[in-house]
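Structure data (TSV, C-alpha atoms) from target01.tsv:
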chain	number	residue	atom	x	y	z
V	1	MET	CA	0.00	0.00	0.00
V	2	TYR	CA	1.45	3.32	-1.06
V	3	ARG	CA	1.75	5.92	1.69
V	4	ASN	CA	3.32	9.32	1.32
V	5	VAL	CA	5.66	10.89	3.84
V	6	ARG	CA	2.83	11.99	6.16
V	7	GLY	CA	1.31	8.49	6.23
V	8	GLU	CA	-1.77	9.42	4.19
V	9	PRO	CA	-3.30	7.03	1.66
V	10	SER	CA	-2.59	7.51	-2.02
V	11	PRO	CA	-5.03	9.58	-4.13
V	12	PRO	CA	-6.81	6.48	-5.55
V	13	GLN	CA	-7.31	5.18	-2.02
V	14	GLN	CA	-8.59	8.58	-0.89
V	15	PHE	CA	-11.00	8.64	-3.85
V	16	THR	CA	-12.30	5.21	-2.79
V	17	GLN	CA	-12.77	6.49	0.76
V	18	ILE	CA	-14.69	9.51	-0.53
V	19	VAL	CA	-17.00	7.37	-2.67
V	20	ILE	CA	-17.64	4.99	0.23
V	21	ALA	CA	-18.44	7.92	2.54
V	22	VAL	CA	-20.87	9.47	0.08
V	23	ALA	CA	-22.41	6.07	-0.64
V	24	LEU	CA	-23.07	5.54	3.06
V	25	VAL	CA	-24.64	8.92	3.59
V	26	THR	CA	-26.84	8.83	0.48
V	27	PHE	CA	-27.92	5.26	1.21
V	28	SER	CA	-28.88	6.32	4.72
V	29	GLN	CA	-30.77	9.30	3.26
V	30	GLY	CA	-32.60	6.87	0.98
V	31	LEU	CA	-33.43	4.70	3.99
V	32	LEU	CA	-34.69	7.68	5.96
V	33	ILE	CA	-37.62	8.40	3.65
V	34	PRO	CA	-39.34	4.97	3.90
V	35	LEU	CA	-38.56	4.85	7.62
V	36	LEU	CA	-40.34	8.14	8.22
V	37	ALA	CA	-43.24	7.15	5.97
V	38	THR	CA	-43.73	4.06	8.13
V	39	LEU	CA	-43.37	5.94	11.41
V	40	GLN	CA	-45.63	8.80	10.37
V	41	SER	CA	-48.39	6.74	8.78
V	42	GLY	CA	-51.75	7.88	9.99
V	43	HIS	CA	-50.98	10.08	12.97
V	44	ILE	CA	-49.24	13.16	11.56
V	45	SER	CA	-50.87	16.04	9.76
V	46	SER	CA	-49.75	16.83	6.23
V	47	ILE	CA	-48.56	20.28	7.34
V	48	LEU	CA	-46.30	18.82	10.04
V	49	ASN	CA	-45.03	16.21	7.59
V	50	SER	CA	-44.19	18.97	5.09
V	51	LEU	CA	-42.45	20.98	7.79
V	52	SER	CA	-40.43	17.91	8.76
V	53	THR	CA	-39.37	17.36	5.15
V	54	THR	CA	-38.48	21.02	4.71
V	55	ASP	CA	-36.45	20.84	7.92
V	56	LEU	CA	-34.02	18.34	6.40
V	57	TYR	CA	-33.31	20.55	3.41
V	58	THR	CA	-33.11	23.68	5.57
V	59	GLY	CA	-30.32	22.02	7.51
V	60	LEU	CA	-28.65	21.01	4.25
V	61	VAL	CA	-28.66	24.60	2.98
V	62	LEU	CA	-27.59	26.14	6.29
V	63	ALA	CA	-24.63	23.77	6.48
V	64	MET	CA	-23.08	25.61	3.55
V	65	PHE	CA	-22.63	28.71	5.69
V	66	VAL	CA	-20.61	27.00	8.43
V	67	VAL	CA	-18.86	24.08	6.77
V	68	GLU	CA	-15.85	26.08	5.61
V	69	ARG	CA	-15.02	27.07	9.19
V	70	VAL	CA	-15.47	23.48	10.34
V	71	LEU	CA	-13.13	22.25	7.59
V	72	ARG	CA	-10.43	24.72	8.59
V	73	TRP	CA	-10.75	23.69	12.21
V	74	SER	CA	-10.87	19.89	11.88
V	75	GLY	CA	-9.71	18.93	8.38
V	76	MET	CA	-11.52	17.04	5.65
V	77	ARG	CA	-11.17	13.46	6.86
V	78	ASN	CA	-12.20	14.27	10.44
V	79	THR	CA	-15.16	16.31	9.23
V	80	VAL	CA	-16.42	13.44	7.05
V	81	VAL	CA	-15.96	10.84	9.79
V	82	TRP	CA	-17.66	12.89	12.51
V	83	THR	CA	-20.58	13.97	10.34
V	84	LEU	CA	-21.07	10.38	9.12
V	85	CYS	CA	-21.22	9.21	12.73
V	86	LEU	CA	-23.59	12.01	13.72
V	87	GLY	CA	-25.83	11.26	10.73
V	88	ILE	CA	-26.03	7.58	11.67
V	89	VAL	CA	-26.91	8.52	15.26
V	90	MET	CA	-29.70	10.81	13.99
V	91	ILE	CA	-31.21	8.01	11.90
V	92	LEU	CA	-31.05	5.60	14.83
V	93	LEU	CA	-32.69	8.17	17.12
V	94	LEU	CA	-35.43	8.76	14.55
V	95	GLY	CA	-36.32	5.08	14.66
V	96	MET	CA	-36.32	4.98	18.45
V	97	THR	CA	-38.79	7.74	19.20
V	98	GLN	CA	-42.34	8.59	18.24
V	99	ASN	CA	-42.03	12.26	19.23
V	100	VAL	CA	-42.71	14.35	16.14
V	101	TRP	CA	-40.96	17.42	17.54
V	102	LEU	CA	-37.78	15.44	18.11
V	103	TRP	CA	-38.04	14.20	14.52
V	104	LEU	CA	-37.85	17.83	13.42
V	105	VAL	CA	-34.60	18.29	15.34
V	106	PHE	CA	-33.15	14.98	14.15
V	107	ARG	CA	-33.98	15.70	10.51
V	108	PHE	CA	-32.51	19.19	10.75
V	109	VAL	CA	-29.25	17.83	12.20
V	110	PHE	CA	-29.24	15.08	9.56
V	111	GLY	CA	-29.62	17.80	6.92
V	112	LEU	CA	-26.63	19.62	8.42
V	113	CYS	CA	-24.68	16.36	8.18
V	114	LEU	CA	-25.70	15.84	4.55
V	115	GLY	CA	-24.69	19.33	3.53
V	116	THR	CA	-21.40	19.08	5.38
V	117	ILE	CA	-20.51	15.70	3.92
V	118	HIS	CA	-21.36	16.66	0.35
V	119	PHE	CA	-19.50	19.97	0.55
V	120	THR	CA	-16.49	18.35	2.21
V	121	THR	CA	-16.24	15.35	-0.10
V	122	GLN	CA	-16.62	17.49	-3.22
V	123	THR	CA	-13.96	19.90	-1.96
V	124	TRP	CA	-11.69	16.99	-1.06
V	125	LEU	CA	-12.24	15.44	-4.48
V	126	GLY	CA	-11.46	18.70	-6.25
V	127	LYS	CA	-8.29	19.11	-4.25
V	128	LEU	CA	-7.27	15.49	-4.70
V	129	THR	CA	-7.60	15.04	-8.47
V	130	ASP	CA	-5.61	16.47	-11.34
V	131	THR	CA	-7.42	18.94	-13.57
V	132	ASP	CA	-7.46	16.53	-16.52
V	133	ARG	CA	-9.27	13.81	-14.48
V	134	ARG	CA	-11.47	16.02	-12.31
V	135	GLY	CA	-14.56	15.79	-14.54
V	136	ARG	CA	-14.43	11.99	-14.63
V	137	GLN	CA	-13.95	11.76	-10.88
V	138	MET	CA	-16.83	14.16	-10.20
V	139	ALA	CA	-19.03	12.12	-12.56
V	140	LEU	CA	-18.21	8.92	-10.67
V	141	TYR	CA	-18.92	10.72	-7.40
V	142	GLY	CA	-22.29	11.89	-8.73
V	143	MET	CA	-23.13	8.42	-10.00
V	144	ALA	CA	-22.34	6.89	-6.59
V	145	THR	CA	-24.56	9.50	-4.96
V	146	GLY	CA	-27.49	8.79	-7.29
V	147	VAL	CA	-27.19	5.01	-7.27
V	148	PHE	CA	-27.01	4.64	-3.51
V	149	PHE	CA	-29.73	7.22	-2.87
V	150	ALA	CA	-32.07	5.51	-5.31
V	151	SER	CA	-31.24	1.92	-4.37
V	152	LYS	CA	-33.60	1.73	-1.41
V	153	LYS	CA	-36.31	3.76	-3.15
V	154	CYS	CA	-36.21	1.50	-6.22
V	155	ARG	CA	-36.61	-1.63	-4.11
V	156	GLU	CA	-39.50	-0.04	-2.18
V	157	THR	CA	-41.23	1.01	-5.40
V	158	LEU	CA	-40.82	-2.41	-6.99
V	159	ARG	CA	-42.17	-4.09	-3.87
V	160	ILE	CA	-45.20	-1.77	-3.72
V	161	CYS	CA	-45.97	-2.21	-7.43
V	162	ALA	CA	-45.65	-6.02	-7.33
Turn this file's structure into structure tokens for me.
Amino acid sequence: MYRNVRGEPSPPQQFTQIVIAVALVTFSQGLLIPLLATLQSGHISSILNSLSTTDLYTGLVLAMFVVERVLRWSGMRNTVVWTLCLGIVMILLLGMTQNVWLWLVFRFVFGLCLGTIHFTTQTWLGKLTDTDRRGRQMALYGMATGVFFASKKCRETLRICA
């Protein structure tokens, strides 16, 4: 295994780590939607459900205003690892409680994690790759995001339609 002087993995290994990180977070985002549909079935108003959905994307957008400071403070790898862990905790907490108001908080924090991870991994990828390969690497990153986000939804849709 190639390691540079500072003990960091080689660029291909870092790219693999980035794709795995984004695959985990988008797969968990894809899992979150059916989980909430099951938990919310029948006892939540449509307005509160809409507010809860908006909350996730509000957190995602607001993350863009603070993520640069977080990156400077903790570095790219630490930021990805900690936000992945926090995102997983938020999903686990969502499944453990029936309190709708806590769901709003959990989804907002999960949105912050999503925004932070996507911003960080795209920045890391841009810094990592040469200019002549950057487009290809970004395309592979985007494909991993789409495939893993859709994988759970596609299975759910096929099961419902069958």
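The smallest atom-to-atom distance between Met90 (chain V) and any of V:Leu51, V:Arg72, V:Ala63, V:Leu114, using only C-alpha atoms, is found for V:Leu114.
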Name all residues at most 12 Å from Arg69 (chain V) (count only C-alpha atoms; drop same-chain ones fewer than 6 positions away) and give them as a compact mmCIF listing (two decimals) with C-alpha atoms, keeping the file's coordinate frame.
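For reference, part_4.txt as written:
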# COMPACT_ATOMS: atom_id res chain seq x y z
CA ALA V 63 -24.63 23.77 6.48
CA GLY V 75 -9.71 18.93 8.38
CA MET V 76 -11.52 17.04 5.65
CA THR V 79 -15.16 16.31 9.23
CA THR V 116 -21.40 19.08 5.38
CA THR V 120 -16.49 18.35 2.21
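Among V:Phe15, V:Phe110, V:Phe149, V:Phe27, the residue with the shortest atom-to-atom distance to Leu86 (chain V), counting only C-alpha atoms, is V:Phe110.
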Quote the spacing between CA of Ser28 (chain V) and CA of Leu93 (chain V) in Å to one decimal place. 13.1 Å
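Shortest atom-to-atom contact with Leu84 (chain V) among V:Ile117, V:Ile47, V:Val19, V:Leu140: V:Ile117, counting only C-alpha atoms.
The spacing separating CA of Gly87 (chain V) from CA of Cys113 (chain V) amounts to 5.8 Å.
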Using only C-alpha atoms, the residue out of V:Thr121, V:Thr16, V:Thr26, V:Thr54 with shortest distance to Arg107 (chain V) is V:Thr54
In Å, how far is it from CA of Gly126 (chain V) to CA of Ala23 (chain V)? 17.6 Å
Residues near Trp103 (chain V), cut-off 10 Å, all atoms listed in the file, skip fewer than 2 positions along chain, as a PDB file with C-alpha atoms, in the coordinates of the input:
ATOM      1  CA  LEU V  36     -40.340   8.140   8.220  1.00  0.00           C
ATOM      2  CA  SER V  52     -40.430  17.910   8.760  1.00  0.00           C
ATOM      3  CA  THR V  53     -39.370  17.360   5.150  1.00  0.00           C
ATOM      4  CA  ASP V  55     -36.450  20.840   7.920  1.00  0.00           C
ATOM      5  CA  LEU V  56     -34.020  18.340   6.400  1.00  0.00           C
ATOM      6  CA  MET V  90     -29.700  10.810  13.990  1.00  0.00           C
ATOM      7  CA  ILE V  91     -31.210   8.010  11.900  1.00  0.00           C
ATOM      8  CA  LEU V  93     -32.690   8.170  17.120  1.00  0.00           C
ATOM      9  CA  LEU V  94     -35.430   8.760  14.550  1.00  0.00           C
ATOM     10  CA  GLY V  95     -36.320   5.080  14.660  1.00  0.00           C
ATOM     11  CA  THR V  97     -38.790   7.740  19.200  1.00  0.00           C
ATOM     12  CA  GLN V  98     -42.340   8.590  18.240  1.00  0.00           C
ATOM     13  CA  ASN V  99     -42.030  12.260  19.230  1.00  0.00           C
ATOM     14  CA  VAL V 100     -42.710  14.350  16.140  1.00  0.00           C
ATOM     15  CA  TRP V 101     -40.960  17.420  17.540  1.00  0.00           C
ATOM     16  CA  VAL V 105     -34.600  18.290  15.340  1.00  0.00           C
ATOM     17  CA  PHE V 106     -33.150  14.980  14.150  1.00  0.00           C
ATOM     18  CA  ARG V 107     -33.980  15.700  10.510  1.00  0.00           C
ATOM     19  CA  PHE V 108     -32.510  19.190  10.750  1.00  0.00           C
ATOM     20  CA  VAL V 109     -29.250  17.830  12.200  1.00  0.00           C
TER      21      VAL V 109
END
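Nearest residue to Leu92 (chain V) among V:Ser74, V:Leu60, V:Ser46, V:Leu32 is V:Leu32, counting all atoms listed in the file.
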Who sits within 9 Å of Gln122 (chain V), only C-alpha atoms, same chain under 3 positions skipped, as a compact mmCIF listing (two decimals) with C-alpha atoms, in the frame of the given file:
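File result.txt, as written:
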# COMPACT_ATOMS: atom_id res chain seq x y z
CA ILE V 18 -14.69 9.51 -0.53
CA ILE V 117 -20.51 15.70 3.92
CA HIS V 118 -21.36 16.66 0.35
CA PHE V 119 -19.50 19.97 0.55
CA LEU V 125 -12.24 15.44 -4.48
CA GLY V 126 -11.46 18.70 -6.25
CA LYS V 127 -8.29 19.11 -4.25
CA MET V 138 -16.83 14.16 -10.20
CA TYR V 141 -18.92 10.72 -7.40
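If you measure from each of V:Gln137, V:Ser10, V:Thr145, V:Gln17 to Val80 (chain V) using all atoms listed in the file, the closest one turns out to be V:Gln17.
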Spatial neighbours of Pro11 (chain V), 8 Å, all atoms listed in the file, chain gap at least 3 places, as an mmCIF file with C-alpha atoms, in the frame of the given file:
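Saved to result_33.cif:
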data_model
loop_
_atom_site.group_PDB
_atom_site.id
_atom_site.type_symbol
_atom_site.label_atom_id
_atom_site.label_comp_id
_atom_site.auth_asym_id
_atom_site.auth_seq_id
_atom_site.Cartn_x
_atom_site.Cartn_y
_atom_site.Cartn_z
ATOM 1 C CA GLN V 14 -8.590 8.580 -0.890
ATOM 2 C CA PHE V 15 -11.000 8.640 -3.850
ATOM 3 C CA LEU V 128 -7.270 15.490 -4.700
ATOM 4 C CA THR V 129 -7.600 15.040 -8.470
#
